[in-house]
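Coordinates as given in start-v3.pdb (PDB, C-alpha atoms, pLDDT in the B column):
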```pdb
ATOM      1  CA  MET A1298     -17.828  59.214 -93.559  1.00 66.00           C
ATOM      2  CA  ALA A1299     -18.989  58.095 -90.117  1.00 76.00           C
ATOM      3  CA  ALA A1300     -16.720  58.811 -87.157  1.00 76.00           C
ATOM      4  CA  ARG A1301     -15.108  55.743 -85.624  1.00 89.00           C
ATOM      5  CA  GLY A1302     -13.388  55.339 -82.326  1.00 93.00           C
ATOM      6  CA  LEU A1303      -9.808  54.292 -81.745  1.00 95.00           C
ATOM      7  CA  ASN A1304      -8.577  52.693 -78.555  1.00 96.00           C
ATOM      8  CA  LYS A1305      -4.893  51.877 -78.977  1.00 97.00           C
ATOM      9  CA  VAL A1306      -2.021  52.244 -76.532  1.00 97.00           C
ATOM     10  CA  MET A1307       1.697  51.720 -77.191  1.00 98.00           C
ATOM     11  CA  LEU A1308       4.094  51.813 -74.238  1.00 98.00           C
ATOM     12  CA  ILE A1309       7.737  51.075 -73.472  1.00 97.00           C
ATOM     13  CA  GLY A1310       8.678  50.580 -69.856  1.00 97.00           C
ATOM     14  CA  ASN A1311      10.318  48.410 -67.223  1.00 97.00           C
ATOM     15  CA  LEU A1312       8.561  45.851 -65.049  1.00 98.00           C
ATOM     16  CA  GLY A1313       8.325  46.929 -61.428  1.00 97.00           C
ATOM     17  CA  ALA A1314       7.844  43.356 -60.167  1.00 97.00           C
ATOM     18  CA  ASP A1315       7.568  39.827 -61.493  1.00 98.00           C
ATOM     19  CA  PRO A1316       4.325  39.138 -63.394  1.00 98.00           C
ATOM     20  CA  GLU A1317       1.444  37.315 -61.713  1.00 98.00           C
ATOM     21  CA  MET A1318      -0.348  34.556 -63.611  1.00 98.00           C
ATOM     22  CA  ARG A1319      -3.747  33.174 -62.641  1.00 97.00           C
ATOM     23  CA  TYR A1320      -6.434  31.135 -64.318  1.00 97.00           C
ATOM     24  CA  THR A1321     -10.100  31.967 -64.791  1.00 96.00           C
ATOM     25  CA  PRO A1322     -12.666  29.421 -63.563  1.00 96.00           C
ATOM     26  CA  ASN A1323     -12.854  28.021 -67.108  1.00 95.00           C
ATOM     27  CA  GLY A1324      -9.063  27.539 -67.293  1.00 95.00           C
ATOM     28  CA  ARG A1325      -7.905  30.554 -69.360  1.00 97.00           C
ATOM     29  CA  ALA A1326      -4.557  32.039 -68.345  1.00 97.00           C
ATOM     30  CA  VAL A1327      -4.383  35.713 -67.385  1.00 98.00           C
ATOM     31  CA  THR A1328      -1.123  37.433 -66.461  1.00 98.00           C
ATOM     32  CA  THR A1329      -0.806  40.927 -65.030  1.00 98.00           C
ATOM     33  CA  PHE A1330       2.229  43.109 -64.476  1.00 98.00           C
ATOM     34  CA  ARG A1331       3.024  46.786 -63.997  1.00 98.00           C
ATOM     35  CA  ILE A1332       5.504  48.797 -65.989  1.00 98.00           C
ATOM     36  CA  ALA A1333       7.135  52.122 -65.211  1.00 97.00           C
ATOM     37  CA  VAL A1334       6.978  54.478 -68.187  1.00 97.00           C
ATOM     38  CA  ASN A1335       9.325  57.445 -67.949  1.00 95.00           C
ATOM     39  CA  ARG A1336       8.973  60.807 -69.637  1.00 94.00           C
ATOM     40  CA  THR A1337      11.827  63.314 -69.679  1.00 94.00           C
ATOM     41  CA  TRP A1338      11.688  66.949 -70.741  1.00 91.00           C
ATOM     42  CA  LYS A1339      13.503  70.242 -70.265  1.00 93.00           C
ATOM     43  CA  ASP A1340      11.722  72.828 -68.130  1.00 91.00           C
ATOM     44  CA  PRO A1341      11.379  75.940 -70.358  1.00 92.00           C
ATOM     45  CA  SER A1342      11.726  78.425 -67.503  1.00 92.00           C
ATOM     46  CA  SER A1343      14.650  76.885 -65.590  1.00 93.00           C
ATOM     47  CA  GLY A1344      16.283  74.829 -68.343  1.00 91.00           C
ATOM     48  CA  GLU A1345      16.537  71.901 -65.913  1.00 94.00           C
ATOM     49  CA  GLN A1346      15.890  68.328 -66.947  1.00 94.00           C
ATOM     50  CA  GLN A1347      12.589  67.018 -65.529  1.00 93.00           C
ATOM     51  CA  GLN A1348      11.320  63.444 -65.284  1.00 95.00           C
ATOM     52  CA  ASP A1349       7.931  61.910 -64.634  1.00 95.00           C
ATOM     53  CA  THR A1350       7.189  58.206 -64.090  1.00 96.00           C
ATOM     54  CA  GLN A1351       3.762  56.687 -64.713  1.00 96.00           C
ATOM     55  CA  TRP A1352       2.936  53.166 -63.519  1.00 97.00           C
ATOM     56  CA  VAL A1353       0.696  51.249 -65.911  1.00 97.00           C
ATOM     57  CA  ARG A1354      -1.022  47.918 -65.253  1.00 98.00           C
ATOM     58  CA  ILE A1355      -0.831  45.489 -68.202  1.00 98.00           C
ATOM     59  CA  VAL A1356      -3.151  42.477 -68.614  1.00 98.00           C
ATOM     60  CA  THR A1357      -2.480  39.621 -71.036  1.00 98.00           C
ATOM     61  CA  TRP A1358      -4.652  36.611 -71.868  1.00 97.00           C
ATOM     62  CA  ALA A1359      -4.319  33.032 -73.103  1.00 96.00           C
ATOM     63  CA  ASN A1360      -1.041  32.082 -74.848  1.00 97.00           C
ATOM     64  CA  LEU A1361       0.434  35.580 -74.493  1.00 97.00           C
ATOM     65  CA  ALA A1362      -0.266  35.424 -70.738  1.00 98.00           C
ATOM     66  CA  GLU A1363       1.668  32.164 -70.438  1.00 97.00           C
ATOM     67  CA  ILE A1364       4.607  33.550 -72.442  1.00 97.00           C
ATOM     68  CA  CYS A1365       4.732  36.727 -70.329  1.00 97.00           C
ATOM     69  CA  ALA A1366       4.625  34.737 -67.080  1.00 97.00           C
ATOM     70  CA  ARG A1367       7.459  32.527 -68.298  1.00 97.00           C
ATOM     71  CA  TYR A1368       9.852  35.112 -69.761  1.00 96.00           C
ATOM     72  CA  LEU A1369       9.212  38.410 -67.975  1.00 97.00           C
ATOM     73  CA  SER A1370      10.680  39.400 -64.630  1.00 97.00           C
ATOM     74  CA  LYS A1371      11.257  42.513 -62.559  1.00 97.00           C
ATOM     75  CA  GLY A1372      13.389  45.095 -64.367  1.00 96.00           C
ATOM     76  CA  ARG A1373      12.897  43.730 -67.903  1.00 97.00           C
ATOM     77  CA  GLN A1374      12.157  46.347 -70.550  1.00 97.00           C
ATOM     78  CA  VAL A1375       9.113  45.653 -72.723  1.00 98.00           C
ATOM     79  CA  TYR A1376       7.030  47.180 -75.474  1.00 98.00           C
ATOM     80  CA  ALA A1377       3.307  46.600 -74.840  1.00 98.00           C
ATOM     81  CA  GLU A1378       0.545  47.385 -77.317  1.00 98.00           C
ATOM     82  CA  GLY A1379      -3.167  47.044 -76.669  1.00 98.00           C
ATOM     83  CA  ARG A1380      -6.309  48.866 -75.632  1.00 97.00           C
ATOM     84  CA  LEU A1381      -7.389  50.789 -72.540  1.00 97.00           C
ATOM     85  CA  GLN A1382     -10.012  49.224 -70.311  1.00 97.00           C
ATOM     86  CA  THR A1383     -11.536  50.634 -67.132  1.00 96.00           C
ATOM     87  CA  ARG A1384     -13.149  48.321 -64.604  1.00 94.00           C
ATOM     88  CA  SER A1385     -15.148  49.301 -61.546  1.00 94.00           C
ATOM     89  CA  TRP A1386     -16.163  47.539 -58.346  1.00 92.00           C
ATOM     90  CA  GLU A1387     -17.449  48.342 -54.893  1.00 94.00           C
ATOM     91  CA  GLY A1388     -14.734  48.438 -52.216  1.00 91.00           C
ATOM     92  CA  GLN A1389     -15.069  46.955 -48.747  1.00 93.00           C
ATOM     93  CA  ASP A1390     -15.871  50.423 -47.437  1.00 94.00           C
ATOM     94  CA  GLY A1391     -18.774  50.714 -49.900  1.00 93.00           C
ATOM     95  CA  THR A1392     -17.162  53.271 -52.212  1.00 95.00           C
ATOM     96  CA  ARG A1393     -16.991  52.781 -55.968  1.00 95.00           C
ATOM     97  CA  ARG A1394     -13.433  52.054 -57.132  1.00 94.00           C
ATOM     98  CA  TYR A1395     -12.017  52.205 -60.651  1.00 95.00           C
ATOM     99  CA  MET A1396      -8.964  50.736 -62.347  1.00 94.00           C
ATOM    100  CA  THR A1397      -7.714  51.610 -65.817  1.00 96.00           C
ATOM    101  CA  GLU A1398      -5.398  49.083 -67.410  1.00 97.00           C
ATOM    102  CA  VAL A1399      -3.999  48.119 -70.805  1.00 98.00           C
ATOM    103  CA  VAL A1400      -5.254  44.843 -72.255  1.00 98.00           C
ATOM    104  CA  ALA A1401      -2.235  43.913 -74.363  1.00 98.00           C
ATOM    105  CA  GLN A1402      -2.464  42.108 -77.683  1.00 97.00           C
ATOM    106  CA  GLU A1403       1.307  42.294 -78.205  1.00 97.00           C
ATOM    107  CA  VAL A1404       4.275  42.305 -75.833  1.00 97.00           C
ATOM    108  CA  ILE A1405       7.865  42.464 -77.075  1.00 97.00           C
ATOM    109  CA  ILE A1406      10.860  41.998 -74.802  1.00 96.00           C
ATOM    110  CA  LEU A1407      13.343  44.767 -75.610  1.00 96.00           C
ATOM    111  CA  ASP A1408      16.304  43.696 -73.496  1.00 90.00           C
ATOM    112  CA  ARG A1409      18.063  40.483 -72.685  1.00 80.00           C
ATOM    113  CA  GLY A1410      17.515  39.132 -69.218  1.00 68.00           C
ATOM    114  CA  ALA A1411      20.504  38.227 -67.063  1.00 58.00           C
ATOM    115  CA  GLY A1412      22.050  35.063 -68.456  1.00 44.00           C
ATOM    116  CA  ALA A1413      19.439  34.591 -71.174  1.00 49.00           C
ATOM    117  CA  ALA A1414      20.712  32.812 -74.249  1.00 41.00           C
ATOM    118  CA  PRO A1415      19.515  34.203 -77.617  1.00 43.00           C
ATOM    119  CA  GLU A1416      17.426  31.094 -78.251  1.00 42.00           C
ATOM    120  CA  ALA A1417      15.680  31.550 -74.890  1.00 41.00           C
ATOM    121  CA  GLU A1418      13.800  34.640 -76.074  1.00 46.00           C
ATOM    122  CA  PRO A1419      10.138  33.838 -76.797  1.00 47.00           C
ATOM    123  CA  ALA A1420       8.551  33.946 -80.195  1.00 45.00           C
ATOM    124  CA  LEU A1421       5.663  36.289 -79.451  1.00 49.00           C
ATOM    125  CA  PRO A1422       2.664  36.467 -81.789  1.00 48.00           C
ATOM    126  CA  GLU A1423       2.926  38.561 -84.928  1.00 45.00           C
ATOM    127  CA  PRO A1424       0.613  41.597 -85.133  1.00 42.00           C
ATOM    128  CA  GLY A1425      -2.896  40.397 -85.875  1.00 45.00           C
ATOM    129  CA  GLU A1426      -2.140  36.971 -84.401  1.00 46.00           C
ATOM    130  CA  GLY A1427      -2.567  38.141 -80.820  1.00 46.00           C
ATOM    131  CA  PRO A1428      -4.559  36.299 -78.183  1.00 44.00           C
ATOM    132  CA  GLU A1429      -8.305  36.122 -78.129  1.00 46.00           C
ATOM    133  CA  GLU A1430     -10.106  39.008 -76.513  1.00 49.00           C
ATOM    134  CA  GLY A1431     -10.359  38.808 -72.754  1.00 51.00           C
ATOM    135  CA  PRO A1432     -13.501  37.633 -71.013  1.00 49.00           C
ATOM    136  CA  GLY A1433     -16.221  39.767 -69.571  1.00 51.00           C
ATOM    137  CA  GLU A1434     -15.758  41.228 -66.094  1.00 46.00           C
ATOM    138  CA  GLU A1435     -17.650  38.355 -64.473  1.00 47.00           C
ATOM    139  CA  GLU A1436     -14.898  35.944 -65.546  1.00 50.00           C
ATOM    140  CA  LEU A1437     -11.978  37.890 -64.016  1.00 49.00           C
ATOM    141  CA  PRO A1438     -10.203  35.943 -61.251  1.00 47.00           C
ATOM    142  CA  PHE A1439      -9.412  39.037 -59.140  1.00 44.00           C
TER     143      PHE A1439
END
```
Kindly present the structure from the file in structure tokens form.
Amino acid sequence: MAARGLNKVMLIGNLGADPEMRYTPNGRAVTTFRIAVNRTWKDPSSGEQQQDTQWVRIVTWANLAEICARYLSKGRQVYAEGRLQTRSWEGQDGTRRYMTEVVAQEVIILDRGAGAAPEAEPALPEPGEGPEEGPGEEELPF
């Protein structure tokens, strides 16, 4: 059997700021946001509780991007599932810069926002019904 690759990420975290929605030149919505993902463990030598926080950039496209921009806000807890993508560009100082992000195909809101009525929660796509794949790098608006 031939070896195949797997690029799948599943995260639960809290938004660090409100999402930002933009449109590509051809009119496709793209929303980005960052989530804080916490990891807690007990230090084997001291027995003390330790915590580490990783900030992860999430990118959503098309209908999912519009839903995320509408319903997500700073502090909300979400489950995001997608694939890792690394982009590179040349900075103003001439050095090569890299950014790794998660291109999400599914986002589920895990908490209720302040004052949100049950019917206000979005109906996000079912697995396999996610948004179309994102565009090539040349189409990114940022």
For this file, the PyMOL selection byres ((chain A and resi 1396) around 10) selects which residues, as a ChimeraX atom specification? /A:1354,1382-1386,1394-1395,1397-1398
Å distance separating CA of Leu1361 (chain A) from CA of Val1334 (chain A), one decimal place: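 We find that CA of Leu1361 (chain A) and CA of Val1334 (chain A) lie 21.0 Å from each other.
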Expand the PyMOL selection byres ((chain A and resi 1313) around 12) into the explicit residue set it covers here, and present it as a compact mmCIF listing (two decimals) with C-alpha atoms, in the frame of the given file.
```
# COMPACT_ATOMS: atom_id res chain seq x y z
CA GLY A 1310 8.68 50.58 -69.86
CA ASN A 1311 10.32 48.41 -67.22
CA LEU A 1312 8.56 45.85 -65.05
CA ALA A 1314 7.84 43.36 -60.17
CA ASP A 1315 7.57 39.83 -61.49
CA PRO A 1316 4.32 39.14 -63.39
CA GLU A 1317 1.44 37.32 -61.71
CA THR A 1329 -0.81 40.93 -65.03
CA PHE A 1330 2.23 43.11 -64.48
CA ARG A 1331 3.02 46.79 -64.00
CA ILE A 1332 5.50 48.80 -65.99
CA ALA A 1333 7.14 52.12 -65.21
CA VAL A 1334 6.98 54.48 -68.19
CA THR A 1350 7.19 58.21 -64.09
CA GLN A 1351 3.76 56.69 -64.71
CA TRP A 1352 2.94 53.17 -63.52
CA VAL A 1353 0.70 51.25 -65.91
CA ARG A 1354 -1.02 47.92 -65.25
CA ILE A 1355 -0.83 45.49 -68.20
CA LEU A 1369 9.21 38.41 -67.97
CA SER A 1370 10.68 39.40 -64.63
CA LYS A 1371 11.26 42.51 -62.56
CA GLY A 1372 13.39 45.10 -64.37
CA ARG A 1373 12.90 43.73 -67.90
CA GLN A 1374 12.16 46.35 -70.55
CA VAL A 1375 9.11 45.65 -72.72
```
Can you measure CA of Cys1365 (chain A) to CA of Ala1326 (chain A) for me? One decimal in Å is fine.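 Going from CA of Cys1365 (chain A) over to CA of Ala1326 (chain A), I get 10.6 Å.
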When you draw a straight line from CA of Asp1390 (chain A) to CA of Thr1328 (chain A), how long is it in Å? 27.4 Å
With all atoms listed in the file as the counted atoms, please give the residues lying no more than 6 Å from Gln1347 (chain A), apart from itself and same-chain residues fewer than 3 positions off, as a PyMOL selection string. chain A and resi 1337-1339
Evaluate the PyMOL selection byres ((chain A and resi 1402) around 8) and record the selected residues as a PyMOL selection string, following the chain and residue labels used in the document. chain A and resi 1357+1361+1377-1379+1400-1401+1403-1404+1427-1428
Output C-alpha atoms for every residue in that selection, as a compact mmCIF listing (two decimals), keeping the file's coordinate frame.
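Below is the file again_13.txt, written as the result:
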```
# COMPACT_ATOMS: atom_id res chain seq x y z
CA THR A 1357 -2.48 39.62 -71.04
CA LEU A 1361 0.43 35.58 -74.49
CA ALA A 1377 3.31 46.60 -74.84
CA GLU A 1378 0.55 47.38 -77.32
CA GLY A 1379 -3.17 47.04 -76.67
CA VAL A 1400 -5.25 44.84 -72.26
CA ALA A 1401 -2.24 43.91 -74.36
CA GLU A 1403 1.31 42.29 -78.20
CA VAL A 1404 4.28 42.30 -75.83
CA GLY A 1427 -2.57 38.14 -80.82
CA PRO A 1428 -4.56 36.30 -78.18
```
Mind working out the centre and edge lengths of an axis-aligned box for region 1304-1315 of chain A, all listed atoms inside, 4 Å added to each side, rounded to one decimal in Å and written as AutoDock Vina command-line options?
```
--center_x 0.9 --center_y 46.3 --center_z -69.6 --size_x 26.9 --size_y 20.9 --size_z 26.8
```
Determine, counting only C-alpha atoms, which protein, DNA and RNA residues have an atom within 9 Å of an atom of Arg1325 (chain A); residues of the same chain fewer than 4 positions away are not included. Present the result as a list of chain:residue names.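 Using only C-alpha atoms, the neighbours found are A:Arg1319, A:Tyr1320, A:Thr1321, A:Trp1358, A:Ala1359, A:Asn1360.
Closest approach to Ala1366 (chain A) from the set A:Met1318, A:Leu1308, A:Arg1301, A:Asn1335 is made by A:Met1318, with distances taken over all atoms listed in the file.
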